[in-house]
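K.L.:
Just so it is clear, I am handing over start.txt, which has compact mmCIF, C-alpha atoms and all ligand atoms.
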# COMPACT_ATOMS: atom_id res chain seq x y z
CA MET G 1 40.07 124.29 62.54
CA GLN G 2 40.14 127.84 63.93
CA ILE G 3 40.00 130.82 61.60
CA LEU G 4 40.74 134.51 62.09
CA TYR G 5 38.25 136.79 63.84
CA PRO G 6 36.48 139.39 61.65
CA ASP G 7 38.34 142.48 60.49
CA ILE G 8 37.96 145.30 63.03
CA LYS G 9 38.95 148.95 63.28
CA PRO G 10 40.88 150.36 66.24
CA PHE G 11 38.90 152.43 68.77
CA ASP G 12 42.00 154.54 69.36
CA HIS G 13 45.22 155.32 67.53
CA GLN G 14 48.03 157.78 68.16
CA TRP G 15 51.69 158.56 67.64
CA LEU G 16 53.63 158.33 70.89
CA ASP G 17 56.82 160.37 71.39
CA VAL G 18 59.67 158.24 72.70
CA THR G 19 63.41 159.03 72.63
CA PRO G 20 64.16 161.35 69.70
CA PRO G 21 63.85 161.14 66.82
CA HIS G 22 61.22 158.42 67.21
CA GLN G 23 57.42 158.55 67.28
CA LEU G 24 55.63 155.24 67.51
CA TYR G 25 52.34 154.37 65.82
CA LEU G 26 50.15 152.83 68.56
CA GLU G 27 46.60 151.52 68.28
CA GLN G 28 44.00 149.79 70.45
CA SER G 29 41.11 147.62 69.34
CA GLY G 30 38.69 145.12 70.89
CA SER G 31 37.36 145.80 74.42
CA LEU G 32 38.80 148.51 76.64
CA ASP G 33 37.99 146.41 79.71
CA GLY G 34 39.27 143.14 78.20
CA ILE G 35 42.53 141.31 78.94
CA PRO G 36 45.34 143.56 77.71
CA VAL G 37 47.47 141.90 75.06
CA LEU G 38 50.50 143.46 73.37
CA PHE G 39 51.32 142.33 69.82
CA LEU G 40 55.02 142.42 68.88
CA HIS G 41 55.71 142.29 65.14
CA GLY G 42 58.64 140.62 63.45
CA GLY G 43 61.70 141.62 61.46
CA PRO G 44 62.84 143.73 63.28
CA GLY G 45 61.46 146.30 60.86
CA GLY G 46 58.47 144.28 59.61
CA GLY G 47 55.77 146.57 61.01
CA SER G 48 52.22 145.67 62.04
CA ASP G 49 49.26 144.94 59.82
CA PRO G 50 45.48 145.19 60.36
CA VAL G 51 45.29 141.38 60.09
CA HIS G 52 47.24 141.11 63.35
CA ARG G 53 44.14 142.27 65.27
CA ARG G 54 42.28 139.22 64.06
CA TYR G 55 44.14 136.65 66.19
CA PHE G 56 42.24 137.84 69.31
CA ASP G 57 38.59 137.68 70.35
CA PRO G 58 37.65 141.40 70.32
CA GLU G 59 35.07 140.79 73.09
CA LYS G 60 37.68 139.34 75.43
CA TYR G 61 40.84 141.25 74.63
CA ARG G 62 42.09 144.82 74.68
CA ILE G 63 44.35 144.46 71.62
CA ILE G 64 47.37 146.78 71.67
CA ILE G 65 49.52 146.95 68.56
CA PHE G 66 52.41 149.28 67.78
CA ASP G 67 55.06 149.69 65.12
CA GLN G 68 58.58 149.40 66.55
CA ARG G 69 61.14 152.17 65.94
CA GLY G 70 61.49 152.89 62.22
CA ALA G 71 58.90 150.25 61.19
CA GLY G 72 55.42 150.46 59.67
CA ARG G 73 53.72 153.78 60.38
CA SER G 74 56.25 154.84 63.05
CA ARG G 75 58.35 157.89 62.25
CA PRO G 76 60.95 158.56 60.97
CA HIS G 77 60.64 155.57 58.66
CA ALA G 78 63.53 153.04 58.57
CA ASN G 79 65.56 155.23 60.96
CA LEU G 80 68.43 153.51 62.80
CA ASP G 81 69.32 156.18 65.39
CA ASN G 82 68.77 155.06 68.99
CA ASN G 83 67.32 151.88 67.58
CA THR G 84 68.33 149.02 69.87
CA THR G 85 66.69 146.16 71.75
CA SER G 86 66.92 147.95 75.08
CA ALA G 87 65.30 151.05 73.53
CA LEU G 88 62.43 148.86 72.30
CA ILE G 89 62.04 147.35 75.77
CA GLU G 90 61.85 150.87 77.21
CA ASP G 91 59.24 151.73 74.58
CA ILE G 92 57.14 148.76 75.67
CA GLU G 93 57.30 149.94 79.28
CA GLN G 94 56.44 153.50 78.21
CA ILE G 95 53.41 152.22 76.28
CA ARG G 96 52.30 150.14 79.26
CA GLN G 97 52.48 153.11 81.61
CA HIS G 98 50.91 155.46 79.05
CA LEU G 99 47.90 153.13 78.75
CA ASN G 100 47.69 152.57 82.51
CA ILE G 101 48.16 148.84 82.32
CA ASP G 102 49.49 146.88 85.27
CA LYS G 103 50.15 143.51 83.60
CA TRP G 104 49.59 142.22 80.11
CA LEU G 105 49.77 139.20 77.84
CA ILE G 106 52.59 139.36 75.30
CA PHE G 107 52.10 137.86 71.83
CA GLY G 108 55.00 137.78 69.39
CA GLY G 109 56.34 135.81 66.46
CA SER G 110 59.82 135.51 65.03
CA TRP G 111 61.71 138.68 66.03
CA GLY G 112 58.55 139.46 68.01
CA SER G 113 59.27 136.32 70.07
CA THR G 114 62.87 137.44 70.62
CA LEU G 115 61.71 140.83 71.88
CA ALA G 116 58.92 139.25 73.95
CA LEU G 117 61.43 136.96 75.69
CA ALA G 118 63.91 139.77 76.34
CA TYR G 119 61.10 141.97 77.72
CA ALA G 120 59.56 139.23 79.87
CA GLN G 121 62.94 138.25 81.33
CA GLN G 122 63.58 141.86 82.33
CA HIS G 123 60.04 142.76 83.47
CA THR G 124 58.74 139.41 84.70
CA GLU G 125 56.22 140.98 87.08
CA ARG G 126 54.46 142.79 84.23
CA VAL G 127 53.71 139.69 82.17
CA LEU G 128 50.45 137.69 82.49
CA GLY G 129 51.53 135.17 79.89
CA LEU G 130 53.43 134.63 76.64
CA ILE G 131 52.14 133.32 73.31
CA LEU G 132 55.11 132.93 70.98
CA ARG G 133 55.41 131.76 67.39
CA GLY G 134 58.41 130.83 65.24
CA ILE G 135 61.03 131.31 67.96
CA PHE G 136 64.08 133.31 66.91
CA LEU G 137 66.88 133.16 69.50
CA ALA G 138 69.14 135.48 67.49
CA ARG G 139 72.30 133.43 68.13
CA GLN G 140 75.21 133.45 65.68
CA ARG G 141 74.02 130.08 64.36
CA ASP G 142 70.58 131.55 63.59
CA LEU G 143 72.11 134.40 61.60
CA ASP G 144 74.47 131.99 59.80
CA TRP G 145 71.50 129.77 58.96
CA LEU G 146 69.74 132.65 57.22
CA TYR G 147 72.55 134.70 55.73
CA GLN G 148 75.67 132.55 55.55
CA GLY G 149 74.68 129.36 53.81
CA GLY G 150 72.33 127.27 56.00
CA ALA G 151 68.97 127.83 54.31
CA ALA G 152 70.85 127.99 50.99
CA ASN G 153 70.93 124.19 51.15
CA ILE G 154 67.14 124.09 50.87
CA TYR G 155 66.72 127.04 48.51
CA PRO G 156 69.87 127.18 46.30
CA ASP G 157 67.87 128.88 43.52
CA TYR G 158 66.61 131.71 45.75
CA TRP G 159 70.03 131.95 47.41
CA ASP G 160 71.55 132.72 44.00
CA ASP G 161 69.20 135.69 43.70
CA PHE G 162 70.04 136.79 47.25
CA ILE G 163 73.83 136.85 46.74
CA GLN G 164 73.59 138.35 43.26
CA PRO G 165 73.88 142.06 44.35
CA ILE G 166 77.05 141.28 46.35
CA PRO G 167 80.38 140.75 44.53
CA PRO G 168 82.02 137.34 45.26
CA ALA G 169 84.86 138.95 47.25
CA GLU G 170 82.35 140.26 49.84
CA ARG G 171 80.21 137.15 50.19
CA GLY G 172 82.11 135.86 53.23
CA ASP G 173 80.12 138.36 55.30
CA MET G 174 76.74 138.85 53.66
CA LEU G 175 75.26 140.83 56.57
CA SER G 176 77.95 143.53 56.45
CA ALA G 177 77.93 143.61 52.65
CA TYR G 178 74.16 144.23 52.62
CA TYR G 179 74.35 146.71 55.51
CA ARG G 180 76.90 148.85 53.61
CA ARG G 181 74.62 149.06 50.58
CA LEU G 182 71.49 149.68 52.64
CA THR G 183 73.10 152.58 54.47
CA GLY G 184 75.13 153.98 51.52
CA ASP G 185 74.49 157.15 49.51
CA ASP G 186 73.45 155.44 46.29
CA GLU G 187 69.66 155.45 46.47
CA ILE G 188 69.19 153.01 43.59
CA ALA G 189 71.64 150.53 45.14
CA ARG G 190 69.87 150.91 48.47
CA MET G 191 66.46 150.05 47.11
CA SER G 192 67.76 147.24 44.96
CA ALA G 193 69.52 145.69 47.97
CA ALA G 194 66.40 146.18 50.11
CA LYS G 195 64.25 144.29 47.65
CA SER G 196 66.66 141.36 47.27
CA TRP G 197 67.01 141.15 51.03
CA SER G 198 63.29 141.25 51.68
CA ILE G 199 62.34 138.84 48.88
CA TRP G 200 64.79 136.23 50.23
CA GLU G 201 62.99 136.38 53.57
CA GLY G 202 59.55 136.35 51.94
CA ARG G 203 60.37 133.29 49.86
CA LEU G 204 61.44 131.40 52.98
CA ALA G 205 58.43 132.42 55.06
CA THR G 206 55.68 130.11 53.85
CA LEU G 207 55.56 126.44 52.99
CA GLN G 208 53.60 126.96 49.78
CA GLY G 209 55.10 130.20 48.50
CA SER G 210 52.81 132.65 46.76
CA HIS G 211 52.78 135.69 44.53
CA LYS G 212 51.01 137.63 47.24
CA THR G 213 53.80 137.03 49.75
CA ILE G 214 56.47 138.11 47.26
CA GLU G 215 54.50 141.21 46.26
CA HIS G 216 54.16 142.09 49.94
CA PHE G 217 57.89 141.71 50.61
CA SER G 218 58.96 143.67 47.52
CA GLU G 219 56.80 146.65 48.42
CA PRO G 220 59.45 149.44 48.66
CA ARG G 221 58.52 150.85 52.09
CA LEU G 222 58.43 147.46 53.77
CA ALA G 223 61.54 146.22 51.97
CA LEU G 224 63.54 149.28 53.04
CA SER G 225 62.57 149.24 56.72
CA LEU G 226 62.88 145.47 57.00
CA ALA G 227 66.29 145.31 55.32
CA ARG G 228 67.82 148.35 57.01
CA ILE G 229 66.56 147.56 60.49
CA GLU G 230 67.29 143.82 60.28
CA THR G 231 70.88 144.28 59.08
CA HIS G 232 71.45 146.97 61.71
CA TYR G 233 70.21 144.63 64.47
CA PHE G 234 71.90 141.52 63.11
CA ILE G 235 75.39 143.00 62.68
CA ASN G 236 74.97 143.92 66.37
CA HIS G 237 73.70 140.44 67.32
CA CYS G 238 70.37 142.04 68.20
CA PHE G 239 72.15 143.85 71.05
CA LEU G 240 71.91 140.66 73.14
CA GLU G 241 74.64 138.84 75.08
CA PRO G 242 75.60 135.44 73.62
CA ASP G 243 72.84 132.97 74.54
CA GLN G 244 71.13 135.62 76.70
CA LEU G 245 67.58 134.38 76.11
CA ILE G 246 68.41 130.78 77.07
CA LYS G 247 70.58 131.71 80.05
CA ASN G 248 67.69 133.76 81.49
CA ALA G 249 64.93 131.30 80.62
CA ALA G 250 64.48 130.20 84.26
CA LYS G 251 63.05 133.67 84.98
CA LEU G 252 59.98 132.64 82.98
CA LYS G 253 59.12 129.62 85.13
CA ASN G 254 56.03 131.17 86.71
CA ILE G 255 54.71 132.72 83.49
CA PRO G 256 52.17 130.67 81.50
CA GLY G 257 53.59 130.16 78.03
CA ILE G 258 52.58 128.62 74.72
CA ILE G 259 54.96 128.22 71.78
CA VAL G 260 53.62 127.53 68.28
CA HIS G 261 56.32 126.55 65.77
CA GLY G 262 56.03 125.08 62.26
CA ARG G 263 58.09 121.94 61.67
CA TYR G 264 59.19 123.25 58.26
CA ASP G 265 60.07 126.75 59.43
CA MET G 266 62.95 127.74 57.11
CA ILE G 267 63.53 131.16 58.71
CA CYS G 268 63.79 129.93 62.29
CA PRO G 269 64.48 126.19 62.39
CA LEU G 270 62.46 124.26 64.97
CA GLU G 271 65.66 123.73 67.01
CA ASN G 272 65.16 127.30 68.33
CA ALA G 273 61.85 126.34 69.98
CA TRP G 274 63.19 123.00 71.17
CA THR G 275 66.20 124.58 72.86
CA LEU G 276 63.97 127.18 74.52
CA MET G 277 61.57 124.50 75.76
CA LYS G 278 64.46 122.53 77.31
CA ALA G 279 65.45 125.65 79.26
CA TRP G 280 61.82 126.53 80.12
CA PRO G 281 60.18 123.15 80.75
CA GLN G 282 56.88 124.67 81.99
CA VAL G 283 56.11 126.03 78.52
CA GLU G 284 53.72 124.21 76.15
CA LEU G 285 55.41 123.63 72.79
CA GLN G 286 53.16 122.87 69.83
CA ILE G 287 54.98 121.59 66.77
CA ILE G 288 52.79 122.30 63.75
CA ARG G 289 53.08 119.51 61.24
CA GLU G 290 52.27 121.18 57.95
CA ALA G 291 53.58 124.71 58.37
CA GLY G 292 56.54 126.93 57.77
CA HIS G 293 57.31 130.23 59.50
CA ALA G 294 54.65 132.80 58.66
CA ILE G 295 51.85 133.98 60.93
CA SER G 296 49.55 133.58 57.90
CA GLU G 297 50.09 129.83 57.46
CA PRO G 298 46.65 128.19 57.88
CA ALA G 299 47.82 125.62 60.46
CA ILE G 300 49.65 128.36 62.38
CA ILE G 301 46.49 130.53 62.41
CA ASP G 302 44.58 127.54 63.78
CA ALA G 303 47.07 127.02 66.62
CA LEU G 304 47.44 130.71 67.48
CA VAL G 305 43.69 131.42 67.58
CA LEU G 306 43.21 128.39 69.82
CA ALA G 307 46.11 129.60 71.98
CA THR G 308 44.58 133.06 72.52
CA LYS G 309 41.21 131.40 73.30
CA ASN G 310 42.73 129.03 75.86
CA MET G 311 44.92 131.70 77.39
CA ALA G 312 41.85 133.95 77.88
CA LEU G 313 40.03 131.12 79.70
CA ARG G 314 43.07 130.49 81.88
CA LEU G 315 43.58 134.16 82.72
CA GLU G 316 39.87 134.75 83.40
CA GLN G 317 39.98 131.92 85.96
CA GLU G 318 42.97 133.45 87.70
CA LEU G 319 41.57 136.99 87.86
N1 LIG M 401 63.65 137.78 60.77
C1 LIG M 401 62.63 136.96 61.26
C2 LIG M 401 61.39 137.73 61.50
O1 LIG M 401 61.18 138.25 62.56
C3 LIG M 401 64.92 137.17 60.60
C4 LIG M 401 60.51 137.95 60.41
N2 LIG M 401 60.53 137.33 59.28
N3 LIG M 401 59.58 137.90 58.50
C5 LIG M 401 58.99 138.82 59.19
O2 LIG M 401 59.54 138.86 60.38
C6 LIG M 401 57.89 139.73 58.73
C7 LIG M 401 56.84 138.91 58.03
C8 LIG M 401 57.25 140.43 59.88
C9 LIG M 401 58.45 140.75 57.80
Here is the file; what I need is its structure written in the form of structure tokens.
Ligand code: STX
P.N.:
Amino acid sequence: MQILYPDIKPFDHQWLDVTPPHQLYLEQSGSLDGIPVLFLHGGPGGGSDPVHRRYFDPEKYRIIIFDQRGAGRSRPHANLDNNTTSALIEDIEQIRQHLNIDKWLIFGGSWGSTLALAYAQQHTERVLGLILRGIFLARQRDLDWLYQGGAANIYPDYWDDFIQPIPPAERGDMLSAYYRRLTGDDEIARMSAAKSWSIWEGRLATLQGSHKTIEHFSEPRLALSLARIETHYFINHCFLEPDQLIKNAAKLKNIPGIIVHGRYDMICPLENAWTLMKAWPQVELQIIREAGHAISEPAIIDALVLATKNMALRLEQEL
């Protein structure tokens, strides 16, 4: 059983100016001459966390982590202007050039896997490999699963709490109903909607459920950026064409890839990973027996740490 690497501090951090009004928090840790790996956080709007550094051997990897537009320590917080998938892909390219990196490994879970796939399909020649967790294809069916009744079959009690802030007449379109409140003038209604939104996601994230997870998701800053940025992306179908990530999957055929997906993932059902694997048969799909969605699930940690170890060995051989 693999466990996380020790807690480390970044050797460099900065705020990078991208298209106004955005400035991105960007940090590097591990070894400057190691294999460059870019960590893409989830949500969108979830932000990065110091624990994310600990999935990589700091002696082998140059660990690059940033907060996407409006998320985490990026500024302005929870801002939706010029906040689109193609803007994030341009940010990734700007970061790569800014750090003088030719090619890098991309590591992303959930929305981070969505963004990783979109980036890799557009900039294939820049990608050494992909390690993806909890695949989120961002199709209509994936949004309906989360916000229009699917997961409600498994969690009817938590679903009741989730729909509670929305009057029955508006429940036919939960995403728009939440988006209106999250972008409205009533600050109390905004924060209350943000917390309900974020807690629903937090409750679905782990197999066991825990106080710590719920506390984390109800923290006002996280709740607000997660809820505002997610609803903004999701009412726009993540700014992707229908089935875009599957239609373009053949572009990945020469990129080494590992997918780690929990069988009991209630945020992104395993079907997402299965469908991706069918379209990208060269990828290695690991179905994790006793795990849900979160990056913090013990069996997911085990698989991801092993994946970064094996990918380093593979890439060192090729270099
Ligand atoms: N959102 C899936 C996702 O990317 C629908 C995600 N879920 N939870 C997270 O991200 C955080 C833990 C990063 C907030």
K.L.:
For region 86-97 of chain G, please output as a ChimeraX atom specification all residues within 10 Å (counting only C-alpha atoms; exclusion window: fewer than 2 positions along the same chain).
P.N.:
/G:16-19,24,26,36,38,40,64,66,68-69,82-84,99-104,115-116,118-120,122-123,126,238-240
K.L.:
Considering only C-alpha atoms, state which residue in the set G:Leu130, G:Leu175, G:Ile35, G:Ile8 is at the smallest distance from Leu313 (chain G).
P.N.:
G:Ile35
K.L.:
With distances taken over all atoms listed in the file, which residue among G:Ala169, G:Val260, G:Ile301, G:Val37 lies nearest Gly129 (chain G)?
P.N.:
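The closest residue to Gly129 (chain G) is G:Val37.
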K.L.:
Write out, as JSON lines, each residue of chain G that has an atom at most 10 Å from ligand LIG 401 (chain M), together with the closest pair of atoms and their distance in Å to one decimal, counting all atoms listed in the file, rows going by chain and rising number.
P.N.:
{"residue": "G:Leu40", "atom": "CA", "partner": "M:LIG401", "partner_atom": "C8", "distance": 9.5}
{"residue": "G:His41", "atom": "CA", "partner": "M:LIG401", "partner_atom": "C8", "distance": 5.8}
{"residue": "G:Gly42", "atom": "CA", "partner": "M:LIG401", "partner_atom": "O1", "distance": 3.6}
{"residue": "G:Gly43", "atom": "CA", "partner": "M:LIG401", "partner_atom": "O1", "distance": 3.6}
{"residue": "G:Pro44", "atom": "CA", "partner": "M:LIG401", "partner_atom": "O1", "distance": 5.8}
{"residue": "G:Gly45", "atom": "CA", "partner": "M:LIG401", "partner_atom": "C9", "distance": 7.0}
{"residue": "G:Gly46", "atom": "CA", "partner": "M:LIG401", "partner_atom": "C9", "distance": 4.0}
{"residue": "G:Gly47", "atom": "CA", "partner": "M:LIG401", "partner_atom": "C8", "distance": 6.4}
{"residue": "G:Ser48", "atom": "CA", "partner": "M:LIG401", "partner_atom": "C8", "distance": 7.6}
{"residue": "G:Asp49", "atom": "CA", "partner": "M:LIG401", "partner_atom": "C8", "distance": 9.2}
{"residue": "G:Gly108", "atom": "CA", "partner": "M:LIG401", "partner_atom": "O1", "distance": 9.2}
{"residue": "G:Gly109", "atom": "CA", "partner": "M:LIG401", "partner_atom": "O1", "distance": 6.7}
{"residue": "G:Ser110", "atom": "CA", "partner": "M:LIG401", "partner_atom": "O1", "distance": 3.9}
{"residue": "G:Trp111", "atom": "CA", "partner": "M:LIG401", "partner_atom": "O1", "distance": 3.5}
{"residue": "G:Gly112", "atom": "CA", "partner": "M:LIG401", "partner_atom": "O1", "distance": 6.2}
{"residue": "G:Ser113", "atom": "CA", "partner": "M:LIG401", "partner_atom": "O1", "distance": 8.0}
{"residue": "G:Thr114", "atom": "CA", "partner": "M:LIG401", "partner_atom": "O1", "distance": 8.3}
{"residue": "G:Leu115", "atom": "CA", "partner": "M:LIG401", "partner_atom": "O1", "distance": 9.7}
{"residue": "G:Arg133", "atom": "CA", "partner": "M:LIG401", "partner_atom": "O1", "distance": 9.9}
{"residue": "G:Gly134", "atom": "CA", "partner": "M:LIG401", "partner_atom": "O1", "distance": 8.4}
{"residue": "G:Ile135", "atom": "CA", "partner": "M:LIG401", "partner_atom": "O1", "distance": 8.8}
{"residue": "G:Phe136", "atom": "CA", "partner": "M:LIG401", "partner_atom": "C1", "distance": 6.9}
{"residue": "G:Leu137", "atom": "CA", "partner": "M:LIG401", "partner_atom": "C3", "distance": 10.0}
{"residue": "G:Ala138", "atom": "CA", "partner": "M:LIG401", "partner_atom": "C3", "distance": 8.3}
{"residue": "G:Asp142", "atom": "CA", "partner": "M:LIG401", "partner_atom": "C3", "distance": 8.5}
{"residue": "G:Leu143", "atom": "CA", "partner": "M:LIG401", "partner_atom": "C3", "distance": 7.8}
{"residue": "G:Leu146", "atom": "CA", "partner": "M:LIG401", "partner_atom": "C3", "distance": 7.4}
{"residue": "G:Tyr147", "atom": "CA", "partner": "M:LIG401", "partner_atom": "C3", "distance": 9.4}
{"residue": "G:Ser198", "atom": "CA", "partner": "M:LIG401", "partner_atom": "C9", "distance": 7.8}
{"residue": "G:Ile199", "atom": "CA", "partner": "M:LIG401", "partner_atom": "C9", "distance": 9.9}
{"residue": "G:Trp200", "atom": "CA", "partner": "M:LIG401", "partner_atom": "N3", "distance": 9.9}
{"residue": "G:Glu201", "atom": "CA", "partner": "M:LIG401", "partner_atom": "N3", "distance": 6.2}
{"residue": "G:Gly202", "atom": "CA", "partner": "M:LIG401", "partner_atom": "N3", "distance": 6.7}
{"residue": "G:Arg203", "atom": "CA", "partner": "M:LIG401", "partner_atom": "N3", "distance": 9.8}
{"residue": "G:Leu204", "atom": "CA", "partner": "M:LIG401", "partner_atom": "N2", "distance": 8.7}
{"residue": "G:Ala205", "atom": "CA", "partner": "M:LIG401", "partner_atom": "N3", "distance": 6.6}
{"residue": "G:Thr206", "atom": "CA", "partner": "M:LIG401", "partner_atom": "C7", "distance": 9.8}
{"residue": "G:Thr213", "atom": "CA", "partner": "M:LIG401", "partner_atom": "C7", "distance": 9.0}
{"residue": "G:His216", "atom": "CA", "partner": "M:LIG401", "partner_atom": "C9", "distance": 9.1}
{"residue": "G:Phe217", "atom": "CA", "partner": "M:LIG401", "partner_atom": "C9", "distance": 7.3}
{"residue": "G:Leu222", "atom": "CA", "partner": "M:LIG401", "partner_atom": "C9", "distance": 7.8}
{"residue": "G:Ala223", "atom": "CA", "partner": "M:LIG401", "partner_atom": "C9", "distance": 8.6}
{"residue": "G:Ser225", "atom": "CA", "partner": "M:LIG401", "partner_atom": "C9", "distance": 9.5}
{"residue": "G:Leu226", "atom": "CA", "partner": "M:LIG401", "partner_atom": "C9", "distance": 6.5}
{"residue": "G:Ala227", "atom": "CA", "partner": "M:LIG401", "partner_atom": "C9", "distance": 9.4}
{"residue": "G:Glu230", "atom": "CA", "partner": "M:LIG401", "partner_atom": "C3", "distance": 7.1}
{"residue": "G:Thr231", "atom": "CA", "partner": "M:LIG401", "partner_atom": "C3", "distance": 9.4}
{"residue": "G:Tyr233", "atom": "CA", "partner": "M:LIG401", "partner_atom": "C3", "distance": 9.9}
{"residue": "G:Phe234", "atom": "CA", "partner": "M:LIG401", "partner_atom": "C3", "distance": 8.6}
{"residue": "G:Ile267", "atom": "CA", "partner": "M:LIG401", "partner_atom": "C1", "distance": 6.4}
{"residue": "G:Cys268", "atom": "CA", "partner": "M:LIG401", "partner_atom": "C1", "distance": 7.2}
{"residue": "G:His293", "atom": "CA", "partner": "M:LIG401", "partner_atom": "N2", "distance": 7.8}
{"residue": "G:Ala294", "atom": "CA", "partner": "M:LIG401", "partner_atom": "C7", "distance": 6.5}
{"residue": "G:Ile295", "atom": "CA", "partner": "M:LIG401", "partner_atom": "C7", "distance": 7.6}
{"residue": "G:Ser296", "atom": "CA", "partner": "M:LIG401", "partner_atom": "C7", "distance": 9.0}
K.L.:
Can you tell me how far CA of Arg73 (chain G) sits from CA of Phe107 (chain G), in Å to one decimal?
P.N.:
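Atom-to-atom, CA of Arg73 (chain G) and CA of Phe107 (chain G) are spaced 19.7 Å apart.
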K.L.:
What gap, in Å, lies between CA of Ile235 (chain G) and CA of Gly209 (chain G)?
P.N.:
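Between CA of Ile235 (chain G) and CA of Gly209 (chain G) the gap is 27.9 Å.
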K.L.:
Tell me which of G:Tyr61, G:Trp15, G:Trp197, G:Tyr158 sits closest to Gly34 (chain G), counting only C-alpha atoms.
P.N.:
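Going through G:Tyr61, G:Trp15, G:Trp197, G:Tyr158 one by one, the smallest distance to Gly34 (chain G) is for G:Tyr61.
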K.L.:
Name the closest residue to Ala151 (chain G) among the candidates G:Tyr264, G:Phe11, G:Phe56, G:Tyr178; distances are taken between atoms, counting all atoms listed in the file.
P.N.:
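Checking each of G:Tyr264, G:Phe11, G:Phe56, G:Tyr178 against Ala151 (chain G), counting all atoms listed in the file, the winner is G:Tyr264.
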K.L.:
When distances are computed from all atoms listed in the file, which of G:Leu252, G:Ile258, G:Ile63, G:Leu224 shows the smallest separation from Met311 (chain G)?
P.N.:
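Smallest separation from Met311 (chain G) among the options: G:Ile258.
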K.L.:
Taking the point (68.8, 146.7, 49.0) as given in the file, collect each protein or nucleic acid residue that comes within 10 Å of it, counting all atoms listed in the file, and present the set as a PyMOL selection string.
P.N.:
chain G and resi 165+178-184+187-198+220+223-224+227-228
K.L.:
So how many Å separate CA of Asp157 (chain G) and CA of Ile287 (chain G), to one decimal?
P.N.:
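Taking CA of Asp157 (chain G) and CA of Ile287 (chain G), their separation equals 27.6 Å.
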K.L.:
The residues within 7 Å of (55.3, 126.9, 59.9), using only C-alpha atoms and the coordinates of the file, should be reported as a list in words; which are they?
P.N.:
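Residues with an atom close enough to that point: Thr206, Leu207, His261, Gly262, Arg263, Tyr264, Asp265, Ile288, Glu290, Ala291, Gly292, His293, Ala294, Glu297 and Ile300 of chain G.
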K.L.:
Return as JSON the centre and edge lengths, in Å with one decimal, of the box along x, y and z that encloses every atom of region 40-58 of chain G in the file, padded by 5 Å per side.
P.N.:
{"center_x": 50.2, "center_y": 141.6, "center_z": 65.0, "size_x": 35.2, "size_y": 19.9, "size_z": 20.7}
K.L.:
Here is a test: counting all atoms listed in the file, which residue of G:Asp243, G:Ala279, G:Tyr25, G:Met266 is nearest to Ala152 (chain G)?
P.N.:
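Using all atoms listed in the file, the shortest distance to Ala152 (chain G) belongs to G:Met266.
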